[in-house]
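The data block below is final_35.cif; it holds mmCIF, C-alpha atoms.
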data_run
#
loop_
_atom_site.label_atom_id
_atom_site.label_comp_id
_atom_site.auth_asym_id
_atom_site.auth_seq_id
_atom_site.Cartn_x
_atom_site.Cartn_y
_atom_site.Cartn_z
CA MET A 1 0.00 0.00 0.00
CA GLY A 2 1.39 3.39 -0.99
CA LYS A 3 2.45 5.81 1.74
CA LEU A 4 -0.30 8.27 0.76
CA SER A 5 -3.00 5.72 -0.01
CA GLU A 6 -5.05 6.59 3.07
CA ASN A 7 -4.97 10.34 2.51
CA CYS A 8 -8.34 10.49 0.77
CA ALA A 9 -10.51 10.17 3.85
CA LYS A 10 -14.21 9.60 4.09
CA MET A 11 -15.86 11.96 6.54
CA LEU A 12 -18.27 10.67 9.14
CA LEU A 13 -21.82 11.58 8.24
CA ARG A 14 -23.79 12.06 11.43
CA GLN A 15 -27.48 12.27 10.74
CA ASP A 16 -29.59 13.31 13.67
CA ASN A 17 -32.11 10.89 15.02
CA PRO A 18 -34.73 12.28 15.37
CA PRO A 19 -34.03 14.66 12.45
CA ARG A 20 -33.56 18.26 13.39
CA PRO A 21 -35.64 20.69 11.33
CA GLY A 22 -33.36 23.20 9.67
CA ARG A 23 -30.23 21.06 9.60
CA ALA A 24 -29.33 18.19 7.31
CA GLY A 25 -26.83 16.32 9.46
CA THR A 26 -23.12 16.94 9.91
CA LEU A 27 -20.00 15.84 8.05
CA ILE A 28 -17.19 15.38 10.56
CA PHE A 29 -13.45 14.88 10.05
CA GLY A 30 -11.07 14.38 12.90
CA GLN A 31 -9.38 12.03 15.27
CA GLU A 32 -12.18 11.11 17.60
CA PHE A 33 -12.17 7.35 17.67
CA LYS A 34 -10.07 4.76 15.99
CA ASN A 35 -11.92 2.49 13.58
CA GLN A 36 -14.54 5.15 13.02
CA GLU A 37 -14.74 6.30 9.46
CA ASP A 38 -13.80 9.91 10.18
CA TYR A 39 -10.65 8.93 12.09
CA PHE A 40 -7.48 10.24 10.52
CA LYS A 41 -4.37 9.87 12.63
CA ASP A 42 -2.38 12.78 11.28
CA THR A 43 -4.94 15.55 11.25
CA PRO A 44 -4.10 18.46 13.54
CA VAL A 45 -7.66 19.81 13.36
CA LEU A 46 -11.23 18.67 13.88
CA THR A 47 -13.63 19.93 11.23
CA GLU A 48 -17.40 19.86 10.92
CA ILE A 49 -19.56 20.84 7.95
CA MET A 50 -23.23 21.59 8.67
CA PRO A 51 -25.76 22.30 5.93
CA ILE A 52 -28.54 24.57 7.20
CA THR A 53 -31.85 24.02 5.45
CA GLY A 54 -34.26 26.18 7.42
CA ASN A 55 -34.62 28.35 10.50
CA TYR A 56 -32.38 26.84 13.13
CA MET A 57 -30.85 27.41 16.52
CA MET A 58 -27.83 26.02 18.35
CA MET A 59 -26.64 26.22 21.94
CA SER A 60 -29.86 28.04 22.76
CA GLY A 61 -30.75 26.42 26.06
CA PHE A 62 -34.15 25.00 26.91
CA PRO A 63 -37.15 27.34 27.02
CA GLN A 64 -38.24 28.68 30.37
CA GLY A 65 -40.65 26.27 31.91
CA PHE A 66 -39.24 23.22 30.05
CA GLU A 67 -37.43 20.48 31.87
CA ARG A 68 -33.75 21.01 31.27
CA LYS A 69 -32.05 17.84 30.09
CA VAL A 70 -28.51 16.60 29.88
CA TYR A 71 -27.98 14.19 27.03
CA THR A 72 -25.67 11.23 27.21
CA MET A 73 -24.22 10.65 23.75
CA SER A 74 -23.30 7.28 22.31
CA ASP A 75 -19.67 7.78 23.36
CA GLY A 76 -20.62 8.58 26.96
CA HIS A 77 -19.97 12.29 26.49
CA GLN A 78 -22.53 14.55 28.18
CA GLY A 79 -24.00 17.30 26.09
CA GLY A 80 -27.04 19.31 25.21
CA PRO A 81 -28.25 22.49 23.54
CA TYR A 82 -26.28 24.85 25.77
CA PRO A 83 -23.70 27.56 25.15
CA LYS A 84 -20.24 26.09 25.26
CA TYR A 85 -16.65 26.73 26.18
CA ASN A 86 -13.76 25.06 24.38
CA ARG A 87 -11.26 25.06 27.22
CA ASN A 88 -8.37 23.85 25.14
CA ALA A 89 -9.00 25.02 21.59
CA ASP A 90 -9.79 28.03 19.47
CA LYS A 91 -12.75 27.55 17.16
CA LEU A 92 -13.45 29.18 13.83
CA MET A 93 -17.01 29.17 12.49
CA LEU A 94 -17.44 30.19 8.86
CA PHE A 95 -20.92 30.99 7.56
CA SER A 96 -21.19 30.71 3.79
CA GLY A 97 -24.11 30.87 1.37
CA THR A 98 -24.86 28.55 -1.53
CA ASN A 99 -25.68 31.01 -4.28
CA PRO A 100 -22.68 31.17 -6.62
CA ASP A 101 -24.35 34.03 -8.53
CA ASP A 102 -24.43 36.18 -5.42
CA LEU A 103 -21.71 35.09 -3.02
CA ASN A 104 -22.55 37.92 -0.61
CA ASP A 105 -26.00 36.48 0.02
CA LEU A 106 -25.82 34.24 3.08
CA GLY A 107 -29.41 33.10 2.61
CA ALA A 108 -30.62 33.83 6.14
CA HIS A 109 -30.11 36.08 9.14
CA VAL A 110 -27.73 34.97 11.87
CA GLU A 111 -27.60 36.20 15.45
CA PHE A 112 -24.45 34.95 17.22
CA HIS A 113 -23.67 35.44 20.91
CA LEU A 114 -19.99 35.48 21.89
CA GLY A 115 -18.77 35.92 25.44
CA GLU A 116 -20.83 36.51 28.56
CA GLY A 117 -21.70 39.17 31.11
CA LYS A 118 -20.24 42.57 30.33
CA ASP A 119 -18.08 41.05 27.60
CA GLU A 120 -20.95 39.53 25.68
CA GLN A 121 -21.02 40.54 22.05
CA VAL A 122 -24.06 39.90 19.87
CA PHE A 123 -23.36 39.80 16.15
CA HIS A 124 -26.09 40.15 13.52
CA PHE A 125 -25.33 39.40 9.89
CA ASP A 126 -26.86 38.16 6.64
CA GLU A 127 -23.69 38.03 4.58
CA PRO A 128 -20.86 35.48 4.85
CA ARG A 129 -18.76 35.87 7.98
CA GLY A 130 -16.13 34.15 10.05
CA ILE A 131 -16.54 34.12 13.84
CA PHE A 132 -13.39 33.50 15.84
CA VAL A 133 -14.11 31.92 19.24
CA PRO A 134 -11.04 32.12 21.46
CA LYS A 135 -10.15 29.29 23.81
CA GLY A 136 -12.18 29.46 27.01
CA VAL A 137 -14.74 32.00 25.78
CA ARG A 138 -18.39 31.07 25.95
CA HIS A 139 -20.24 31.02 22.62
CA GLY A 140 -23.87 30.55 21.79
CA PRO A 141 -26.70 30.83 21.38
CA ILE A 142 -26.85 31.03 17.61
CA TYR A 143 -30.21 31.83 16.03
CA ILE A 144 -30.76 31.47 12.29
CA THR A 145 -33.94 33.13 11.08
CA LYS A 146 -35.47 34.69 7.96
CA PHE A 147 -34.30 31.64 6.08
CA ARG A 148 -34.43 32.03 2.29
CA ARG A 149 -31.79 29.67 0.94
CA ASN A 150 -29.51 26.91 2.20
CA LEU A 151 -26.27 27.95 3.84
CA THR A 152 -23.31 26.07 5.27
CA ILE A 153 -21.49 26.38 8.57
CA PHE A 154 -17.86 25.20 8.52
CA VAL A 155 -16.30 24.67 11.92
CA VAL A 156 -12.57 24.26 12.54
CA PHE A 157 -11.10 23.53 15.97
CA THR A 158 -7.39 23.93 16.71
CA GLN A 159 -7.36 20.40 18.13
CA PRO A 160 -7.92 17.08 16.35
CA SER A 161 -10.77 15.78 18.53
CA LYS A 162 -13.59 16.97 20.77
CA THR A 163 -11.94 15.29 23.70
CA ALA A 164 -8.77 17.33 23.16
CA CYS A 165 -10.86 20.51 22.83
CA ASP A 166 -12.21 19.92 26.35
CA ILE A 167 -15.71 21.18 25.63
CA VAL A 168 -17.73 22.32 28.63
CA ASN A 169 -21.42 23.21 28.56
CA ASP A 170 -22.98 26.10 30.44
CA TRP A 171 -25.67 23.96 32.06
CA THR A 172 -27.13 26.97 33.84
CA TYR A 173 -28.18 28.79 30.68
CA VAL A 174 -31.91 29.36 30.36
CA GLY A 175 -33.31 29.82 26.89
CA ASP A 176 -34.77 33.06 25.64
CA ASN A 177 -38.36 32.18 24.79
CA GLU A 178 -38.83 35.15 22.51
CA LYS A 179 -35.78 34.22 20.43
CA ILE A 180 -36.76 30.56 20.35
CA HIS A 181 -40.20 31.50 19.06
CA GLU A 182 -38.57 33.61 16.39
CA VAL A 183 -36.77 30.51 15.11
CA ILE A 184 -39.43 27.84 15.37
CA GLY A 185 -42.59 29.87 15.29
CA GLY A 186 -45.34 29.40 17.77
CA ASP A 187 -45.35 25.61 17.83
CA MET A 188 -43.42 24.72 20.98
CA SER A 189 -44.59 21.13 20.63
CA LEU A 190 -42.27 20.85 17.64
CA TYR A 191 -39.39 21.88 19.90
CA GLU A 192 -40.49 19.40 22.52
CA LYS A 193 -40.58 16.64 19.94
CA PHE A 194 -37.03 16.93 18.66
CA PHE A 195 -35.29 17.89 21.88
CA ALA A 196 -37.22 15.52 24.12
CA GLU A 197 -34.78 12.65 24.14
CA ASN A 198 -31.17 11.74 23.67
CA PRO A 199 -30.04 12.18 20.08
CA LYS A 200 -29.04 8.75 18.75
CA MET B 1 -15.20 48.75 22.09
CA GLY B 2 -16.03 45.35 23.61
CA LYS B 3 -13.19 42.85 23.81
CA TYR B 4 -14.77 40.57 21.18
CA ALA B 5 -16.22 43.29 18.98
CA ASP B 6 -13.85 42.49 16.11
CA HIS B 7 -14.35 38.70 16.26
CA CYS B 8 -17.02 38.67 13.54
CA ILE B 9 -14.95 39.02 10.42
CA THR B 10 -15.91 39.76 6.83
CA MET B 11 -14.11 37.23 4.67
CA PHE B 12 -12.19 38.58 1.70
CA LEU B 13 -13.84 37.75 -1.63
CA LYS B 14 -11.21 37.32 -4.33
CA HIS B 15 -12.59 37.94 -7.79
CA HIS B 16 -11.07 36.19 -10.76
CA ASN B 17 -9.23 38.56 -13.08
CA SER B 18 -10.94 36.85 -15.99
CA PRO B 19 -14.00 34.58 -15.79
CA GLU B 20 -13.21 31.01 -14.83
CA PRO B 21 -15.97 28.74 -16.11
CA GLY B 22 -16.90 26.08 -13.64
CA ARG B 23 -15.67 27.93 -10.59
CA SER B 24 -16.95 30.77 -8.44
CA ASP B 25 -14.94 33.57 -6.88
CA VAL B 26 -13.13 32.58 -3.69
CA PHE B 27 -13.72 33.54 -0.08
CA MET B 28 -10.51 33.79 1.93
CA PHE B 29 -9.83 34.07 5.64
CA GLY B 30 -6.63 34.09 7.63
CA GLU B 31 -4.26 36.22 9.63
CA ASP B 32 -4.49 38.95 6.99
CA HIS B 33 -8.09 39.41 8.16
CA PHE B 34 -7.91 38.47 11.85
CA LYS B 35 -4.75 38.68 13.92
CA GLY B 36 -5.38 35.55 15.99
CA ALA B 37 -6.27 33.24 13.10
CA ALA B 38 -4.44 29.93 13.19
CA HIS B 39 -5.33 28.77 9.68
CA TRP B 40 -5.70 30.06 6.16
CA VAL B 41 -9.03 29.05 4.67
CA GLU B 42 -10.49 29.35 1.17
CA ILE B 43 -14.03 28.45 0.09
CA TRP B 44 -15.31 28.25 -3.45
CA THR B 45 -18.13 26.62 -5.36
CA VAL B 46 -17.59 24.38 -8.36
CA THR B 47 -20.32 25.15 -10.87
CA GLY B 48 -19.27 22.95 -13.78
CA ASN B 49 -16.54 20.70 -15.13
CA ASN B 50 -13.26 22.15 -14.00
CA MET B 51 -9.58 21.45 -13.51
CA MET B 52 -6.86 22.88 -11.32
CA MET B 53 -3.09 22.54 -11.07
CA GLN B 54 -3.10 20.78 -14.43
CA GLY B 55 0.14 22.14 -15.85
CA THR B 56 0.75 23.54 -19.32
CA PRO B 57 0.96 21.71 -22.66
CA LYS B 58 4.27 20.20 -23.71
CA ASP B 59 5.17 22.85 -26.25
CA GLY B 60 3.27 25.66 -24.58
CA ASP B 61 4.70 28.65 -22.78
CA PRO B 62 4.62 28.46 -19.01
CA ILE B 63 1.84 30.47 -17.40
CA ILE B 64 3.25 32.38 -14.46
CA HIS B 65 1.21 34.83 -12.45
CA ILE B 66 3.06 37.32 -10.29
CA GLY B 67 1.03 38.32 -7.22
CA PRO B 68 1.12 41.73 -5.52
CA ASP B 69 3.52 40.23 -2.97
CA GLY B 70 5.83 38.97 -5.71
CA HIS B 71 4.73 35.37 -5.22
CA ARG B 72 4.94 33.34 -8.46
CA GLY B 73 1.90 31.18 -9.14
CA GLY B 74 0.09 29.43 -11.93
CA PRO B 75 -1.97 26.36 -12.88
CA TYR B 76 0.60 23.87 -11.63
CA PRO B 77 0.80 21.16 -8.99
CA LYS B 78 1.94 22.64 -5.73
CA TYR B 79 3.91 22.02 -2.55
CA HIS B 80 3.23 23.71 0.78
CA ARG B 81 6.64 23.51 2.39
CA HIS B 82 5.55 24.67 5.87
CA ALA B 83 1.93 23.60 6.25
CA ASP B 84 -0.39 20.67 5.93
CA ASN B 85 -3.35 21.22 3.59
CA LEU B 86 -6.82 19.75 4.06
CA MET B 87 -9.14 19.94 1.05
CA PHE B 88 -12.77 19.14 1.80
CA PHE B 89 -15.10 18.28 -1.05
CA TYR B 90 -18.78 18.21 -0.28
CA GLY B 91 -22.05 18.42 -2.16
CA THR B 92 -24.94 20.83 -1.93
CA ASP B 93 -27.85 18.41 -1.88
CA PRO B 94 -29.05 18.38 1.72
CA GLY B 95 -31.44 15.58 0.82
CA ASN B 96 -28.49 13.35 -0.03
CA LEU B 97 -25.28 14.36 1.70
CA THR B 98 -23.39 11.43 0.21
CA ASP B 99 -23.85 12.82 -3.29
CA LEU B 100 -20.89 15.02 -4.19
CA GLY B 101 -22.47 16.16 -7.46
CA ALA B 102 -19.52 15.36 -9.73
CA HIS B 103 -16.57 13.05 -10.16
CA VAL B 104 -13.19 14.13 -8.82
CA GLU B 105 -9.78 12.80 -9.82
CA PHE B 106 -7.09 14.04 -7.44
CA HIS B 107 -3.35 13.42 -7.77
CA LEU B 108 -1.34 13.36 -4.55
CA GLY B 109 2.40 12.83 -4.39
CA GLU B 110 4.81 12.16 -7.25
CA GLY B 111 6.91 9.43 -8.77
CA ASP B 112 6.54 6.04 -7.08
CA ASP B 113 4.55 7.63 -4.26
CA GLU B 114 1.90 9.19 -6.47
CA GLU B 115 -1.67 8.27 -5.56
CA VAL B 116 -4.59 9.00 -7.82
CA PHE B 117 -7.87 9.21 -5.97
CA HIS B 118 -11.23 8.93 -7.71
CA PHE B 119 -14.40 9.78 -5.83
CA ASP B 120 -17.93 11.07 -6.21
CA GLU B 121 -18.87 11.28 -2.56
CA PRO B 122 -17.69 13.82 0.04
CA ARG B 123 -14.06 13.41 0.98
CA CYS B 124 -11.21 15.13 2.72
CA ILE B 125 -7.83 14.98 1.03
CA PHE B 126 -5.01 15.38 3.55
CA VAL B 127 -1.92 16.82 1.89
CA PRO B 128 1.06 16.52 4.22
CA LYS B 129 3.62 19.28 4.40
CA GLY B 130 6.03 19.15 1.48
CA VAL B 131 4.03 16.67 -0.62
CA ARG B 132 3.12 17.64 -4.15
CA HIS B 133 -0.61 17.77 -4.95
CA GLY B 134 -2.45 18.25 -8.23
CA PRO B 135 -3.64 18.03 -10.86
CA MET B 136 -7.29 17.83 -9.96
CA TYR B 137 -9.96 17.13 -12.57
CA ILE B 138 -13.68 17.56 -11.92
CA THR B 139 -15.91 15.88 -14.48
CA GLU B 140 -19.38 14.36 -14.85
CA PHE B 141 -20.72 17.50 -13.24
CA ARG B 142 -24.36 17.20 -12.13
CA ARG B 143 -24.76 19.64 -9.27
CA ASN B 144 -22.77 22.37 -7.52
CA LEU B 145 -20.21 21.24 -4.98
CA VAL B 146 -18.07 23.17 -2.56
CA ILE B 147 -14.36 22.99 -1.87
CA PHE B 148 -13.23 24.09 1.58
CA ASP B 149 -9.46 24.40 1.54
CA LEU B 150 -7.57 24.75 4.82
CA LEU B 151 -3.86 25.33 5.47
CA THR B 152 -2.31 24.76 8.89
CA ALA B 153 -0.66 28.15 8.63
CA PRO B 154 -2.25 31.55 9.16
CA THR B 155 -1.14 33.04 5.82
CA ARG B 156 -0.22 31.79 2.37
CA SER B 157 3.28 33.18 2.82
CA ALA B 158 3.75 31.22 6.04
CA ALA B 159 2.59 28.06 4.25
CA GLY B 160 5.57 28.35 1.88
CA THR B 161 3.66 27.49 -1.30
CA GLU B 162 5.73 26.56 -4.35
CA ASN B 163 4.64 25.52 -7.83
CA ASP B 164 6.01 22.68 -9.90
CA PHE B 165 6.52 24.80 -13.02
CA THR B 166 7.99 21.79 -14.85
CA TYR B 167 4.72 19.86 -14.89
CA VAL B 168 3.47 19.06 -18.37
CA ALA B 169 -0.29 18.77 -18.73
CA GLU B 170 -1.67 15.38 -19.58
CA GLU B 171 -3.57 16.28 -22.72
CA SER B 172 -5.94 13.35 -22.56
CA LYS B 173 -7.16 14.60 -19.20
CA VAL B 174 -7.72 18.23 -20.05
CA VAL B 175 -11.21 19.26 -18.94
CA ILE B 176 -13.00 21.71 -21.16
CA PRO B 177 -15.29 23.73 -18.88
CA ASP B 178 -18.76 24.52 -20.09
CA SER B 179 -18.80 28.14 -21.18
#

Representation of the structure as structure tokens:
Amino acid sequence: MGKLSENCAKMLLRQDNPPRPGRAGTLIFGQEFKNQEDYFKDTPVLTEIMPITGNYMMMSGFPQGFERKVYTMSDGHQGGPYPKYNRNADKLMLFSGTNPDDLNDLGAHVEFHLGEGKDEQVFHFDEPRGIFVPKGVRHGPIYITKFRRNLTIFVVFTQPSKTACDIVNDWTYVGDNEKIHEVIGGDMSLYEKFFAENPK
Amino acid sequence: MGKYADHCITMFLKHHNSPEPGRSDVFMFGEDHFKGAAHWVEIWTVTGNNMMMQGTPKDGDPIIHIGPDGHRGGPYPKYHRHADNLMFFYGTDPGNLTDLGAHVEFHLGEGDDEEVFHFDEPRCIFVPKGVRHGPMYITEFRRNLVIFDLLTAPTRSAAGTENDFTYVAEESKVVIPDS
């Protein structure tokens, strides 16, 4: 076998179960687990590619009045829809549209929260942007609204795996009901349906 | 100004000097745009049959572009002497994420070590530091796909990119883009 024969790597396609409205799964490339199809020993970075197909929110907390849950993922990692800190990695999130005839059209409106307390910055944009999340800085929620056309979020961590990133959730964060409604409309039962149980 | 006020960055959109059929303009991001950036990233959409780093014909004149920084470039296979390069190929059909939308032939390495990859599903090509990569031929185009190109250096200069100006194009492989 040639020395470069393994350098064309298949990315792990993680499709949410149950499906998440507004997102068509995630393509992941990194060094998470051996024998998993996204494992590549020599990569210095972990990368995720997320197609966004409708209004969507991430790291938004649970609505006020909902039971807050902590999910246990298939690898034993604890997670959930909470703002996060990457204790041991910088993170770059690139928001890009899919209209090659108008590359400045992101296809939706994004509201991105970076930092907390007095340092919190809230970015609003509807053109392509890169958000740099420094190590140890809280980020999220992200609200994607006024969806018109598919867009893509590329995520690059300066570590090869989530474990090495040392990701910590802000379990105390309570969702902003008004913002959540803006994303999913008035049907909170839809929210309850797809966040009710552990993703598989 | 808040301490993170400048952390939402407008990516630079590089326009082609002349139209390049089959390929959109390119978004770029790196230390030129944000001081703390660890990587140089480029994003472009493939909109038709296309080729890159294909070389020039045997009896043709070399095509050498001189950039504003004096860097010599052109449609030739490349080496990044000081950085690894990850090239992600993915499709734009959210209903079928395993469909890349075209066929890609990617040459990695040279001589006895050369590998030629063929794929029509999403892939990441990992180009180690100092290893030649290219040509790349995109054919059987059916649907737009995106290339997300990442260098493990914050600028192109730091990556130490060099071209193999000696590479002669393989004429049987030349891709004629749709106009």

Can you spell out as a VMD selection string the set of residues that the PyMOL selection byres ((chain A) within 7 of (chain B)) selects in the structure I just provided? chain A and resid 2 to 5 7 to 11 24 51 100 119 121 123 128 to 132

So, with only C-alpha atoms as the atoms that count, which of B:Arg132, B:Lys173, B:Lys35, B:Lys14 lies closest to B:Tyr76?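 For B:Tyr76, the nearest of the candidates is B:Arg132.
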
Quick one: distance from atom CA of A:Lys146 to atom CA of A:Lys179 in Å, one decimal?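 Atom CA of A:Lys179 lies at a distance of 12.5 Å from atom CA of A:Lys146.
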
Rank nothing, just name the residue among B:Pro19, B:Pro135, B:Pro68, B:Pro177 nearest to B:Thr56, using only C-alpha atoms.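 Of all the options, B:Pro135 lies closest to B:Thr56.
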
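Excluding B:Ala159 itself and any same-chain residue fewer than 5 positions from it, the protein and nucleic acid residues within 6 Å of it, counting all atoms listed in the file, are B:His80, B:His82, B:Ala83, B:Ala153.
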
Just give me the gap between atom CA of B:Met51 and atom CA of B:Pro75 in Å, one decimal is fine. 9.1 Å

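Proximity ranking of A:Phe29, A:Leu13, A:Glu6, A:Lys41 relative to B:Asp99 places A:Leu13 first, based on only C-alpha atoms.
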
Residue by residue, what does the PyMOL selection byres ((chain A and resi 55) around 6) grab here? Present the result as number ranges by chain. A: 22, 54, 56, 144-145, 147, 183

For stretch 30-47 of chain A, where the input has fewer atoms than it should, I would like N, CA and C atoms rebuilt and written as an mmCIF file, in the coordinates of the input.
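Resulting contents of result01.cif:
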data_model
loop_
_atom_site.group_PDB
_atom_site.id
_atom_site.type_symbol
_atom_site.label_atom_id
_atom_site.label_comp_id
_atom_site.auth_asym_id
_atom_site.auth_seq_id
_atom_site.Cartn_x
_atom_site.Cartn_y
_atom_site.Cartn_z
ATOM 1 N N GLY A 30 -11.936 14.127 11.760
ATOM 2 C CA GLY A 30 -11.070 14.380 12.900
ATOM 3 C C GLY A 30 -10.395 13.134 13.375
ATOM 4 N N GLN A 31 -10.183 13.083 14.666
ATOM 5 C CA GLN A 31 -9.380 12.030 15.270
ATOM 6 C C GLN A 31 -10.086 11.513 16.494
ATOM 7 N N GLU A 32 -11.408 11.395 16.392
ATOM 8 C CA GLU A 32 -12.180 11.110 17.600
ATOM 9 C C GLU A 32 -11.967 9.691 18.083
ATOM 10 N N PHE A 33 -12.284 8.742 17.251
ATOM 11 C CA PHE A 33 -12.170 7.350 17.670
ATOM 12 C C PHE A 33 -11.534 6.530 16.566
ATOM 13 N N LYS A 34 -10.635 5.687 16.969
ATOM 14 C CA LYS A 34 -10.070 4.760 15.990
ATOM 15 C C LYS A 34 -11.162 3.853 15.464
ATOM 16 N N ASN A 35 -10.984 3.404 14.251
ATOM 17 C CA ASN A 35 -11.920 2.490 13.580
ATOM 18 C C ASN A 35 -13.222 3.162 13.172
ATOM 19 N N GLN A 36 -13.362 4.415 13.498
ATOM 20 C CA GLN A 36 -14.540 5.150 13.020
ATOM 21 C C GLN A 36 -14.138 5.793 11.705
ATOM 22 N N GLU A 37 -15.135 5.950 10.819
ATOM 23 C CA GLU A 37 -14.740 6.300 9.460
ATOM 24 C C GLU A 37 -14.175 7.707 9.329
ATOM 25 N N ASP A 38 -14.362 8.565 10.309
ATOM 26 C CA ASP A 38 -13.800 9.910 10.180
ATOM 27 C C ASP A 38 -12.403 9.984 10.817
ATOM 28 N N TYR A 39 -11.922 8.900 11.374
ATOM 29 C CA TYR A 39 -10.650 8.930 12.090
ATOM 30 C C TYR A 39 -9.493 9.070 11.130
ATOM 31 N N PHE A 40 -8.668 10.062 11.358
ATOM 32 C CA PHE A 40 -7.480 10.240 10.520
ATOM 33 C C PHE A 40 -6.357 10.632 11.450
ATOM 34 N N LYS A 41 -5.394 9.751 11.577
ATOM 35 C CA LYS A 41 -4.370 9.870 12.630
ATOM 36 C C LYS A 41 -3.608 11.174 12.579
ATOM 37 N N ASP A 42 -3.299 11.660 11.392
ATOM 38 C CA ASP A 42 -2.380 12.780 11.280
ATOM 39 C C ASP A 42 -3.028 14.152 11.285
ATOM 40 N N THR A 43 -4.351 14.215 11.350
ATOM 41 C CA THR A 43 -4.940 15.550 11.250
ATOM 42 C C THR A 43 -4.697 16.356 12.520
ATOM 43 N N PRO A 44 -4.279 17.598 12.370
ATOM 44 C CA PRO A 44 -4.100 18.460 13.540
ATOM 45 C C PRO A 44 -5.383 19.197 13.927
ATOM 46 N N VAL A 45 -6.424 19.059 13.099
ATOM 47 C CA VAL A 45 -7.660 19.810 13.360
ATOM 48 C C VAL A 45 -8.864 18.890 13.282
ATOM 49 N N LEU A 46 -9.917 19.290 13.999
ATOM 50 C CA LEU A 46 -11.230 18.670 13.880
ATOM 51 C C LEU A 46 -12.092 19.626 13.073
ATOM 52 N N THR A 47 -12.804 19.084 12.093
ATOM 53 C CA THR A 47 -13.630 19.930 11.230
ATOM 54 C C THR A 47 -15.030 19.366 11.136
#
